[in-house]
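Scroll down for the structure; my scribbles are underneath it.
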Amino acid sequence: MNKAKITTDKGVPSNSRVLTLLSQLEKINAESAVLDADNARHITSKILHLIQTQEKTKKEMTAKGSTGMEVILSTLESTRDLQTTLNTLYILNELVSVGGGRRICILVSKGGTQILLQLLMSAIKESPPCEELMVQLHCILAKVGPKDKKFGIKARLNGALNITLNLVKQNLQNYKLILPCLQVLRVYSSNSVNAVSLGKNGVVELMFKIIGPFNKKNTSLLKVTLDTLAALLKSKTNARRAVDRGCVPTLLAIYQDWHRADTRHRHMLIRKGILGCIKNITNIKLGRKAFIDSDGMRTLYNISQDCLPVRALDPLINTSTLIMRKCFPKNRLPVPTIKSVFHFQLPVVPANGPVAQIYSLPPGVDDVVDESDDNDDTDAETENETENEDDEKDQKLKNDDIETDINNLRPKQDLSRPFEELKIYERFFPELTEDFQGYDFGAEWSSKSMPVMKPKDPVPIVVPTAGEEQSADLCSTKKEKKLLRNEEQTKQTASRAGDFENPPAPLGINSLKITKNDADVQANKLLPSQYLKHELHREMERLNLEGESVSKNLKNCNYACVNGQKNKGGHQCSASSKGCQQFSGSSEPLPEYGSSPLCCPGVEVDHDDDSSSSHSSGEQGVLEVPDTAAVLPLHDPELYIETVKHTKSVPEYTEVAYPDYFGHIAPTFKEHTLERLYGVQRTKIFQDIERLIHSNDILDKVVYDLDLSSCPIIDDGESLKFNSQFESGNVRKAIQVRKFEYDLILNSDINSNHYHQWFYFEVSGMRSGVPYRFNIINCEKSNSQFNYGMQALMYSVQEALSGRPRWIRTGTDICYYKNHFSRSSIAAGGQKGKSYYTITFTVTFQHKDDVCYFAYHYPYTYSTLKMHLQKLGSMHSPQIYYRQDVLCETLGGNSCHVLTITAMPESKCYEQICHFRNRPYIFLSARVHPGETNASWVMKGTLEFLMSNSPMAQSLRESYIFKIVPMLNPDGVINGNHRCSLSGEDLNRQWQSPNPDLHPTIYHTKSLLQYLAAIQRTPLVYCDYHGHSRKKNVFMYGCSIKETVWQTNVSAASSELQEDLGYRTLPKILSQIAPAFCMSSCSFVVEKSKESTARVVVWREIGVQKSYTMESTLCGCDQGKYKGLQIGTKELEEMGAKFCVGLLRLKRLTSPVEYKHPSHFLDLENDLIESSCKVTSPTTYVLDEDEPPFLEEVDYSAESNEDADVNENAADNDPSTQEDVLSDSEATRVYLH
């Protein structure tokens, strides 16, 4: 080593005593080949004294510019005197003691590691080696090693591994020496090659000679030994060696002994060290098997239960829980196949992809689990998933999903189809040629009915669904698909028209009247009875709308009230009862909740009469429904039944769910995000572990199973009854695990083997006041907002009949976690060893024998859409141009509707007609993913606003022509899919090259946009409404060249990055006027994985600069007015209306007058830079995630560590109230600055 010259920093006095001594030591090193031993010993002794007595001496020696460390290392390298060497090691030990992290880095940078290892090699040659020297050397190496990234390699190359190991073997009783040696072995073992090498030399067996039962002596040594063993057992080779030598039961016995003896919990670190060894050894399959064979599950479970009362022992409980979950035997999902229960034969099978794989599987192949699924030897606790516009991947992975090719980023209009082929879509744009010559603008508007659509012999519809099962053929016949209806069916006048199709002839529904006999009911308030509750499930809920069946079902059904006993006076309720009227025609206001008991279905019959007289008497079933007409003008139960009859499902549903029939009125109270109780996930996991430990307590009784030809409905009074055989329903199987606990399995999307998330099912036969636990056990996403305050939704029929028809957030002890059910590699994209996840929630029912429905989010069925559209069409004013066409038929034979909404011209003069035809287009779509029902509620808010009579709505209609496809995936919605259509594919990944046979709705919707582009009428805005399951608030994804390039290291000329910043205008407006909208969550980056989505394709190929996906949370908001609240239908519909207001603002801001003074855009560039997105994953470029990463090891507390509110003003001031008092220029300043 070169001789160092002492220098000083300006901040260190040159006459410092330690610097003087260092200067003298430096001279001794330089002047003689052989050091003056006595002088060097004396000087180093004085330096050591100064360091031990004066803290400032350490600072002077390691100050910036000082070469004191180099002088000490030079002395250590040169001296041959033992005492001088010891003094020098003492000095180094003091320098790298507590708080010496920076000093250690200096030592490493000066080559100190190599000098120390060389000293170790030379010192071991002495016989015997100096014990004190070895102790000091290893003490320093133990501190230096973790700071030197190449320490393991250096130690191995210098032969230091065996030196340290032999010292431990030869001095097992010399605790002073082996303690630092074990610390160094622990550092050595952090290198996998070193760990294997040490293992071959017997280090694992050596550790077990030191580890033993409880002993208060030498606890520090035991702690270090356990840490060293844990580091060694990270090597699979060492772990196998430990299992072969029976170490697993030994470790469990030692842990039990320390648990029993450490009653005052003073040695928690030792107990944690033992668990750390068990945790690492069970990372391999042999270790897990040895753990189970040693009854480790019961041992750790019992000890953990003992530790629960002591909060300080939570680290032990959490580690034990992790070990038990990892070792829990992987179970097969209890289904015959992971494919959907329902089969739909595709007209064309894709050549490749997941669907092709399903069709290519040989018959009889077990696709539920692979034999090799449990061969993984790593503790993988996270999975990669895709959710709409957000891929949750490891943040450390290389960011390779951003599109970096400027040519691909630059939008290019690519019609890809000749105009002659697109001309067939001209008939969907009659507004472009309409001259209104046959219309009298002074006359009253008269509705024109649409062509009658003849139904294809629909099967009887049952309302609702809580009794015996109706047999249904689960296999649908292959339906002939029609891409477009023939000209006769689709030719329609500009929509002054009313209903989109005339109600078909009634299918024997005369035997059921829907009434609101409030007067009679009020006069007959009765008390609850067992008889009523029995009838609620046996007869009342299953009224068959076909005449014959109604007579049979109601033959012995007595008239009763929901809150009362059987009427002793034999009061009859019939169609002629006083006060009864058709629900659809009612205009009475909704009574106050609970104001009067409402009648439930039933008929009082004279039991002396025979059946024939009963039939001839013309008795009718009466169903009293809440009068919701005043609050829900678009809901009509009678009309809903009619629309259901023409909805075609693969299972051929014959039942209607109560909530869809009665409707939903948003609750008036706030629903806060659920505060998560501490330890809830841990408690649920312990209950799952008890299934293995106390297997005799598990019932394992199947109470509902769609895989059976006739679903069992066990009515023994001890089990709940389940049902999901209605539109949008999804639960495949229900298993009673314990008396009040049920495992539920969701059905895969049709023609798919995964996408389990959406659920919608019915439960009945419950007891009141008893907590029931529901576990949905085959979810796939790696995290969920159920971990951060979201609750499931419940609809109570008894509450609805009592005047409160509404979905409410419900459930306690909610969490989402990985379970022990194995996920097949076939469904996991080829990855083996993956597991499903569980959503668990507990519900205590308010009413005994109620009928309740549970859903992932507020259901919105295809039949509901048809009903709403028919009501909208019949209620609109003469000022509105409204047209509804059938764009195409889906694979399942259902209609995909396209709407046109704008304002009628004021007159038929040339100027007015020209203005009418030349309005810019706004193109909207929604519900491409069936499980994102919130998108339909937002669309409902948009449609209601557009069809309203408010001045703002009229102004908006006068500004734009709206083309709207409100439901892009009707088949998926109808059949209870979560993400796919009947083709088994995500339709929002088919926009680049949609197949007209497999993806008709996407193909024809894209064709509409291509037609507009071809005639130079490219829409001003395109927006696709979606829902998001793992983020809060409402936000947008858009497309920007600049923001995409900024996320990469690609250099591009400024000329290549020039683009209009107008794509940010609409989101910024919405962030100011919509309380639920969050600008900071928006992203405008274009990813390769999203190149086939609607947003990117419409931007790139159609040329729509303002092309967006608008994502609405399924959970709630963490900013603004709704901070801390779960989102409801009222807020979602408000968002749809606010989107319309934002479009009106956009029109004002981009008018020709405003373009002359574009000052409102000046701040956009700065805002763009200031809010530049963080790269959080290869396909997600938004600001910080709403939630922390999902970590299996951590038990979630009630706090979700969410970001602070970024917009306090939004909560205090509702900008919508300022709408009418601000001028355009003032609005510009308020909303864009």
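Letters A, B, ... mark the chains of the structure tokens in the order given; residue numbers begin at 1 per chain; ligand numbers begin at 1, in order shown.
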inquiry  = At a cut-off of 10 Å, using only C-alpha atoms, what residues contact Ser189 in chain A? Leave out same-chain residues fewer than 4 positions from it and give the result as a PyMOL selection string.
reply    = chain A and resi 152+161+184-185+193-199+228-235
Take the residues from that selection and write them out as an mmCIF file, in the first residue's frame, keeping N, CA, C and O atoms.
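Final file, result21.cif:
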```cif
data_model
loop_
_atom_site.group_PDB
_atom_site.id
_atom_site.type_symbol
_atom_site.label_atom_id
_atom_site.label_comp_id
_atom_site.auth_asym_id
_atom_site.auth_seq_id
_atom_site.Cartn_x
_atom_site.Cartn_y
_atom_site.Cartn_z
ATOM 1 N N GLY A 152 -18.636 -10.996 0.565
ATOM 2 C CA GLY A 152 -18.698 -12.447 0.472
ATOM 3 C C GLY A 152 -17.697 -13.008 -0.512
ATOM 4 O O GLY A 152 -17.026 -14.021 -0.240
ATOM 5 N N LEU A 161 -13.510 -18.195 4.846
ATOM 6 C CA LEU A 161 -14.702 -18.920 5.300
ATOM 7 C C LEU A 161 -14.333 -20.041 6.269
ATOM 8 O O LEU A 161 -14.883 -20.137 7.380
ATOM 9 N N VAL A 184 -19.835 -12.977 11.853
ATOM 10 C CA VAL A 184 -19.191 -12.945 10.542
ATOM 11 C C VAL A 184 -19.741 -14.052 9.647
ATOM 12 O O VAL A 184 -19.965 -13.851 8.450
ATOM 13 N N LEU A 185 -20.004 -15.235 10.217
ATOM 14 C CA LEU A 185 -20.591 -16.327 9.434
ATOM 15 C C LEU A 185 -21.955 -15.919 8.873
ATOM 16 O O LEU A 185 -22.315 -16.291 7.753
ATOM 17 N N VAL A 193 -23.445 -18.680 -2.654
ATOM 18 C CA VAL A 193 -22.345 -19.622 -2.892
ATOM 19 C C VAL A 193 -21.628 -19.926 -1.583
ATOM 20 O O VAL A 193 -21.285 -21.084 -1.293
ATOM 21 N N ASN A 194 -21.403 -18.908 -0.791
ATOM 22 C CA ASN A 194 -20.763 -19.118 0.508
ATOM 23 C C ASN A 194 -21.617 -19.999 1.405
ATOM 24 O O ASN A 194 -21.100 -20.860 2.133
ATOM 25 N N ALA A 195 -22.947 -19.771 1.373
ATOM 26 C CA ALA A 195 -23.838 -20.553 2.229
ATOM 27 C C ALA A 195 -23.760 -22.028 1.887
ATOM 28 O O ALA A 195 -23.702 -22.893 2.786
ATOM 29 N N VAL A 196 -23.754 -22.356 0.598
ATOM 30 C CA VAL A 196 -23.653 -23.756 0.180
ATOM 31 C C VAL A 196 -22.299 -24.334 0.598
ATOM 32 O O VAL A 196 -22.212 -25.473 1.102
ATOM 33 N N SER A 197 -21.242 -23.579 0.414
ATOM 34 C CA SER A 197 -19.901 -24.045 0.778
ATOM 35 C C SER A 197 -19.798 -24.324 2.266
ATOM 36 O O SER A 197 -19.254 -25.354 2.688
ATOM 37 N N LEU A 198 -20.327 -23.408 3.056
ATOM 38 C CA LEU A 198 -20.305 -23.612 4.508
ATOM 39 C C LEU A 198 -21.156 -24.806 4.901
ATOM 40 O O LEU A 198 -20.807 -25.563 5.824
ATOM 41 N N GLY A 199 -22.313 -24.974 4.196
ATOM 42 C CA GLY A 199 -23.179 -26.108 4.507
ATOM 43 C C GLY A 199 -22.491 -27.435 4.285
ATOM 44 O O GLY A 199 -22.656 -28.388 5.062
ATOM 45 N N THR A 228 -27.791 -16.604 12.272
ATOM 46 C CA THR A 228 -26.853 -17.222 11.327
ATOM 47 C C THR A 228 -27.491 -18.434 10.664
ATOM 48 O O THR A 228 -27.393 -18.629 9.445
ATOM 49 N N LEU A 229 -28.172 -19.244 11.459
ATOM 50 C CA LEU A 229 -28.834 -20.429 10.908
ATOM 51 C C LEU A 229 -29.930 -20.036 9.922
ATOM 52 O O LEU A 229 -30.074 -20.668 8.861
ATOM 53 N N ALA A 230 -30.677 -19.000 10.253
ATOM 54 C CA ALA A 230 -31.733 -18.548 9.339
ATOM 55 C C ALA A 230 -31.145 -18.106 8.004
ATOM 56 O O ALA A 230 -31.698 -18.395 6.935
ATOM 57 N N ALA A 231 -29.991 -17.410 8.069
ATOM 58 C CA ALA A 231 -29.338 -16.977 6.828
ATOM 59 C C ALA A 231 -28.849 -18.178 6.020
ATOM 60 O O ALA A 231 -28.961 -18.212 4.792
ATOM 61 N N LEU A 232 -28.326 -19.184 6.702
ATOM 62 C CA LEU A 232 -27.851 -20.378 6.013
ATOM 63 C C LEU A 232 -28.998 -21.158 5.372
ATOM 64 O O LEU A 232 -28.857 -21.718 4.284
ATOM 65 N N LEU A 233 -30.166 -21.180 6.034
ATOM 66 C CA LEU A 233 -31.299 -21.967 5.546
ATOM 67 C C LEU A 233 -32.024 -21.314 4.373
ATOM 68 O O LEU A 233 -32.939 -21.918 3.812
ATOM 69 N N LYS A 234 -31.616 -20.109 4.007
ATOM 70 C CA LYS A 234 -32.170 -19.521 2.785
ATOM 71 C C LYS A 234 -31.695 -20.281 1.556
ATOM 72 O O LYS A 234 -32.327 -20.221 0.502
ATOM 73 N N SER A 235 -30.597 -20.983 1.715
ATOM 74 C CA SER A 235 -30.105 -21.848 0.643
ATOM 75 C C SER A 235 -30.944 -23.123 0.613
ATOM 76 O O SER A 235 -31.127 -23.788 1.646
#
```
key: Residue list (strand (DSSP E or B), DSSP) for range 907-1015 of chain A, as number ranges by chain   = A: 921-926, 961-965
Would you output that residue set with all heavy atoms, as a tab-separated table (two decimals), in the first residue's frame?
```tsv
chain	number	residue	atom	x	y	z
A	921	TYR	N	-69.66	16.12	-33.28
A	921	TYR	CA	-70.10	14.88	-32.64
A	921	TYR	C	-69.34	14.63	-31.34
A	921	TYR	O	-68.15	14.91	-31.22
A	921	TYR	CB	-69.87	13.69	-33.58
A	921	TYR	CG	-70.98	13.48	-34.57
A	921	TYR	CD1	-70.93	14.03	-35.85
A	921	TYR	CD2	-72.11	12.73	-34.23
A	921	TYR	CE1	-71.95	13.83	-36.76
A	921	TYR	CE2	-73.14	12.52	-35.14
A	921	TYR	CZ	-73.06	13.08	-36.40
A	921	TYR	OH	-74.09	12.88	-37.29
A	922	ILE	N	-70.06	14.08	-30.39
A	922	ILE	CA	-69.50	13.50	-29.17
A	922	ILE	C	-69.89	12.02	-29.18
A	922	ILE	O	-71.06	11.70	-29.31
A	922	ILE	CB	-70.05	14.16	-27.90
A	922	ILE	CG1	-69.79	15.67	-27.90
A	922	ILE	CG2	-69.46	13.50	-26.66
A	922	ILE	CD1	-68.34	16.05	-27.75
A	923	PHE	N	-68.91	11.15	-29.06
A	923	PHE	CA	-69.20	9.71	-29.13
A	923	PHE	C	-68.90	9.10	-27.76
A	923	PHE	O	-67.79	9.22	-27.23
A	923	PHE	CB	-68.33	9.04	-30.19
A	923	PHE	CG	-68.92	7.76	-30.73
A	923	PHE	CD1	-69.42	7.71	-32.02
A	923	PHE	CD2	-68.97	6.61	-29.95
A	923	PHE	CE1	-69.96	6.53	-32.52
A	923	PHE	CE2	-69.52	5.44	-30.43
A	923	PHE	CZ	-70.02	5.39	-31.73
A	924	LEU	N	-69.90	8.45	-27.18
A	924	LEU	CA	-69.76	7.85	-25.85
A	924	LEU	C	-70.10	6.37	-25.92
A	924	LEU	O	-70.96	5.95	-26.70
A	924	LEU	CB	-70.69	8.54	-24.84
A	924	LEU	CG	-70.60	10.06	-24.73
A	924	LEU	CD1	-71.62	10.58	-23.73
A	924	LEU	CD2	-69.19	10.48	-24.31
A	925	SER	N	-69.44	5.59	-25.08
A	925	SER	CA	-69.75	4.16	-24.96
A	925	SER	C	-69.53	3.74	-23.52
A	925	SER	O	-68.87	4.44	-22.74
A	925	SER	CB	-68.86	3.33	-25.90
A	925	SER	OG	-67.50	3.51	-25.60
A	926	ALA	N	-70.08	2.58	-23.17
A	926	ALA	CA	-69.95	2.11	-21.78
A	926	ALA	C	-70.16	0.61	-21.73
A	926	ALA	O	-70.61	-0.02	-22.68
A	926	ALA	CB	-70.97	2.81	-20.88
A	961	ILE	N	-73.93	16.86	-31.34
A	961	ILE	CA	-74.72	15.66	-31.64
A	961	ILE	C	-74.07	14.51	-30.89
A	961	ILE	O	-72.87	14.25	-31.05
A	961	ILE	CB	-74.76	15.35	-33.15
A	961	ILE	CG1	-75.39	16.50	-33.93
A	961	ILE	CG2	-75.52	14.06	-33.41
A	961	ILE	CD1	-75.31	16.33	-35.43
A	962	PHE	N	-74.84	13.84	-30.06
A	962	PHE	CA	-74.33	12.74	-29.27
A	962	PHE	C	-74.68	11.40	-29.92
A	962	PHE	O	-75.84	11.13	-30.21
A	962	PHE	CB	-74.91	12.77	-27.85
A	962	PHE	CG	-74.35	13.87	-27.00
A	962	PHE	CD1	-74.89	15.15	-27.04
A	962	PHE	CD2	-73.28	13.62	-26.15
A	962	PHE	CE1	-74.36	16.16	-26.27
A	962	PHE	CE2	-72.76	14.64	-25.37
A	962	PHE	CZ	-73.29	15.90	-25.43
A	963	LYS	N	-73.64	10.60	-30.16
A	963	LYS	CA	-73.82	9.21	-30.55
A	963	LYS	C	-73.38	8.36	-29.37
A	963	LYS	O	-72.24	8.46	-28.91
A	963	LYS	CB	-72.98	8.86	-31.78
A	963	LYS	CG	-73.54	9.36	-33.09
A	963	LYS	CD	-74.77	8.58	-33.50
A	963	LYS	CE	-75.32	9.14	-34.83
A	963	LYS	NZ	-76.61	8.50	-35.18
A	964	ILE	N	-74.26	7.51	-28.89
A	964	ILE	CA	-74.00	6.80	-27.66
A	964	ILE	C	-74.32	5.31	-27.83
A	964	ILE	O	-75.41	4.95	-28.28
A	964	ILE	CB	-74.84	7.37	-26.49
A	964	ILE	CG1	-74.55	8.87	-26.31
A	964	ILE	CG2	-74.58	6.60	-25.20
A	964	ILE	CD1	-75.43	9.54	-25.29
A	965	VAL	N	-73.36	4.48	-27.49
A	965	VAL	CA	-73.60	3.04	-27.38
A	965	VAL	C	-73.56	2.72	-25.88
A	965	VAL	O	-72.48	2.56	-25.30
A	965	VAL	CB	-72.54	2.23	-28.14
A	965	VAL	CG1	-72.86	0.73	-28.07
A	965	VAL	CG2	-72.45	2.67	-29.60
```
ask   = Near range 840-856 of chain A, counting only C-alpha atoms, which residues have an atom at most 6 Å away, once you skip same-chain residues fewer than 2 positions from it, shown as a PyMOL selection string?
value = chain A and resi 533+758-775+792-797+811-815
Kindly save the residues from that selection, with N, CA and C atoms included, as a PDB file, in the first residue's frame.
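Everything below was put into again.pdb:
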```
ATOM      1  N   LYS A 533     -93.733 -15.867   7.301  1.00  0.00           N
ATOM      2  CA  LYS A 533     -92.354 -16.122   6.910  1.00  0.00           C
ATOM      3  C   LYS A 533     -92.246 -17.407   6.101  1.00  0.00           C
ATOM      4  N   TRP A 758     -66.920 -10.618 -10.267  1.00  0.00           N
ATOM      5  CA  TRP A 758     -68.307 -10.161 -10.147  1.00  0.00           C
ATOM      6  C   TRP A 758     -69.150 -11.242  -9.475  1.00  0.00           C
ATOM      7  N   PHE A 759     -69.946 -10.830  -8.497  1.00  0.00           N
ATOM      8  CA  PHE A 759     -70.910 -11.763  -7.896  1.00  0.00           C
ATOM      9  C   PHE A 759     -72.241 -11.051  -7.693  1.00  0.00           C
ATOM     10  N   TYR A 760     -73.300 -11.830  -7.794  1.00  0.00           N
ATOM     11  CA  TYR A 760     -74.660 -11.334  -7.618  1.00  0.00           C
ATOM     12  C   TYR A 760     -75.504 -12.569  -7.328  1.00  0.00           C
ATOM     13  N   PHE A 761     -75.965 -12.699  -6.096  1.00  0.00           N
ATOM     14  CA  PHE A 761     -76.695 -13.910  -5.732  1.00  0.00           C
ATOM     15  C   PHE A 761     -77.724 -13.597  -4.655  1.00  0.00           C
ATOM     16  N   GLU A 762     -78.607 -14.555  -4.477  1.00  0.00           N
ATOM     17  CA  GLU A 762     -79.714 -14.428  -3.529  1.00  0.00           C
ATOM     18  C   GLU A 762     -79.514 -15.395  -2.373  1.00  0.00           C
ATOM     19  N   VAL A 763     -79.898 -14.945  -1.185  1.00  0.00           N
ATOM     20  CA  VAL A 763     -79.819 -15.771   0.018  1.00  0.00           C
ATOM     21  C   VAL A 763     -81.156 -15.684   0.734  1.00  0.00           C
ATOM     22  N   SER A 764     -81.609 -16.799   1.248  1.00  0.00           N
ATOM     23  CA  SER A 764     -82.849 -16.797   2.027  1.00  0.00           C
ATOM     24  C   SER A 764     -82.750 -17.867   3.105  1.00  0.00           C
ATOM     25  N   GLY A 765     -83.752 -17.888   3.983  1.00  0.00           N
ATOM     26  CA  GLY A 765     -83.782 -18.874   5.056  1.00  0.00           C
ATOM     27  C   GLY A 765     -82.866 -18.548   6.210  1.00  0.00           C
ATOM     28  N   MET A 766     -82.585 -17.259   6.411  1.00  0.00           N
ATOM     29  CA  MET A 766     -81.637 -16.872   7.462  1.00  0.00           C
ATOM     30  C   MET A 766     -82.333 -16.638   8.807  1.00  0.00           C
ATOM     31  N   ARG A 767     -81.530 -16.624   9.849  1.00  0.00           N
ATOM     32  CA  ARG A 767     -81.987 -16.210  11.170  1.00  0.00           C
ATOM     33  C   ARG A 767     -81.592 -14.757  11.385  1.00  0.00           C
ATOM     34  N   SER A 768     -82.323 -14.075  12.193  1.00  0.00           N
ATOM     35  CA  SER A 768     -81.980 -12.679  12.479  1.00  0.00           C
ATOM     36  C   SER A 768     -81.039 -12.619  13.681  1.00  0.00           C
ATOM     37  N   GLY A 769     -80.182 -11.606  13.675  1.00  0.00           N
ATOM     38  CA  GLY A 769     -79.281 -11.388  14.804  1.00  0.00           C
ATOM     39  C   GLY A 769     -78.122 -12.349  14.896  1.00  0.00           C
ATOM     40  N   VAL A 770     -77.915 -13.172  13.872  1.00  0.00           N
ATOM     41  CA  VAL A 770     -76.821 -14.144  13.874  1.00  0.00           C
ATOM     42  C   VAL A 770     -75.802 -13.740  12.816  1.00  0.00           C
ATOM     43  N   PRO A 771     -74.521 -13.632  13.171  1.00  0.00           N
ATOM     44  CA  PRO A 771     -73.515 -13.274  12.157  1.00  0.00           C
ATOM     45  C   PRO A 771     -73.209 -14.453  11.226  1.00  0.00           C
ATOM     46  N   TYR A 772     -73.377 -14.231   9.938  1.00  0.00           N
ATOM     47  CA  TYR A 772     -73.047 -15.222   8.919  1.00  0.00           C
ATOM     48  C   TYR A 772     -71.777 -14.762   8.206  1.00  0.00           C
ATOM     49  N   ARG A 773     -70.859 -15.696   8.019  1.00  0.00           N
ATOM     50  CA  ARG A 773     -69.634 -15.379   7.283  1.00  0.00           C
ATOM     51  C   ARG A 773     -69.708 -15.972   5.876  1.00  0.00           C
ATOM     52  N   PHE A 774     -69.433 -15.133   4.874  1.00  0.00           N
ATOM     53  CA  PHE A 774     -69.400 -15.561   3.481  1.00  0.00           C
ATOM     54  C   PHE A 774     -67.980 -15.408   2.945  1.00  0.00           C
ATOM     55  N   ASN A 775     -67.456 -16.473   2.331  1.00  0.00           N
ATOM     56  CA  ASN A 775     -66.116 -16.454   1.749  1.00  0.00           C
ATOM     57  C   ASN A 775     -66.212 -16.751   0.257  1.00  0.00           C
ATOM     58  N   ALA A 792     -69.420  -4.907   0.421  1.00  0.00           N
ATOM     59  CA  ALA A 792     -70.326  -5.470  -0.576  1.00  0.00           C
ATOM     60  C   ALA A 792     -71.683  -4.791  -0.446  1.00  0.00           C
ATOM     61  N   LEU A 793     -72.581  -5.090  -1.373  1.00  0.00           N
ATOM     62  CA  LEU A 793     -73.914  -4.487  -1.372  1.00  0.00           C
ATOM     63  C   LEU A 793     -74.976  -5.531  -1.068  1.00  0.00           C
ATOM     64  N   MET A 794     -75.994  -5.123  -0.309  1.00  0.00           N
ATOM     65  CA  MET A 794     -77.076  -6.033   0.049  1.00  0.00           C
ATOM     66  C   MET A 794     -78.424  -5.357  -0.190  1.00  0.00           C
ATOM     67  N   TYR A 795     -79.383  -6.151  -0.642  1.00  0.00           N
ATOM     68  CA  TYR A 795     -80.742  -5.675  -0.898  1.00  0.00           C
ATOM     69  C   TYR A 795     -81.690  -6.601  -0.159  1.00  0.00           C
ATOM     70  N   SER A 796     -82.472  -6.041   0.765  1.00  0.00           N
ATOM     71  CA  SER A 796     -83.413  -6.817   1.563  1.00  0.00           C
ATOM     72  C   SER A 796     -84.816  -6.676   0.976  1.00  0.00           C
ATOM     73  N   VAL A 797     -85.456  -7.806   0.697  1.00  0.00           N
ATOM     74  CA  VAL A 797     -86.809  -7.770   0.140  1.00  0.00           C
ATOM     75  C   VAL A 797     -87.801  -7.262   1.175  1.00  0.00           C
ATOM     76  N   GLY A 811     -71.685  -5.489   5.656  1.00  0.00           N
ATOM     77  CA  GLY A 811     -70.611  -6.421   5.968  1.00  0.00           C
ATOM     78  C   GLY A 811     -69.606  -5.852   6.951  1.00  0.00           C
ATOM     79  N   THR A 812     -69.127  -6.707   7.829  1.00  0.00           N
ATOM     80  CA  THR A 812     -68.059  -6.358   8.773  1.00  0.00           C
ATOM     81  C   THR A 812     -66.959  -7.402   8.638  1.00  0.00           C
ATOM     82  N   ASP A 813     -65.858  -7.160   9.319  1.00  0.00           N
ATOM     83  CA  ASP A 813     -64.712  -8.087   9.272  1.00  0.00           C
ATOM     84  C   ASP A 813     -64.365  -8.440   7.833  1.00  0.00           C
ATOM     85  N   ILE A 814     -64.269  -7.396   7.004  1.00  0.00           N
ATOM     86  CA  ILE A 814     -64.018  -7.612   5.580  1.00  0.00           C
ATOM     87  C   ILE A 814     -62.524  -7.603   5.314  1.00  0.00           C
ATOM     88  N   CYS A 815     -62.069  -8.559   4.545  1.00  0.00           N
ATOM     89  CA  CYS A 815     -60.696  -8.511   4.065  1.00  0.00           C
ATOM     90  C   CYS A 815     -60.556  -9.384   2.823  1.00  0.00           C
TER      91      CYS A 815
END
```
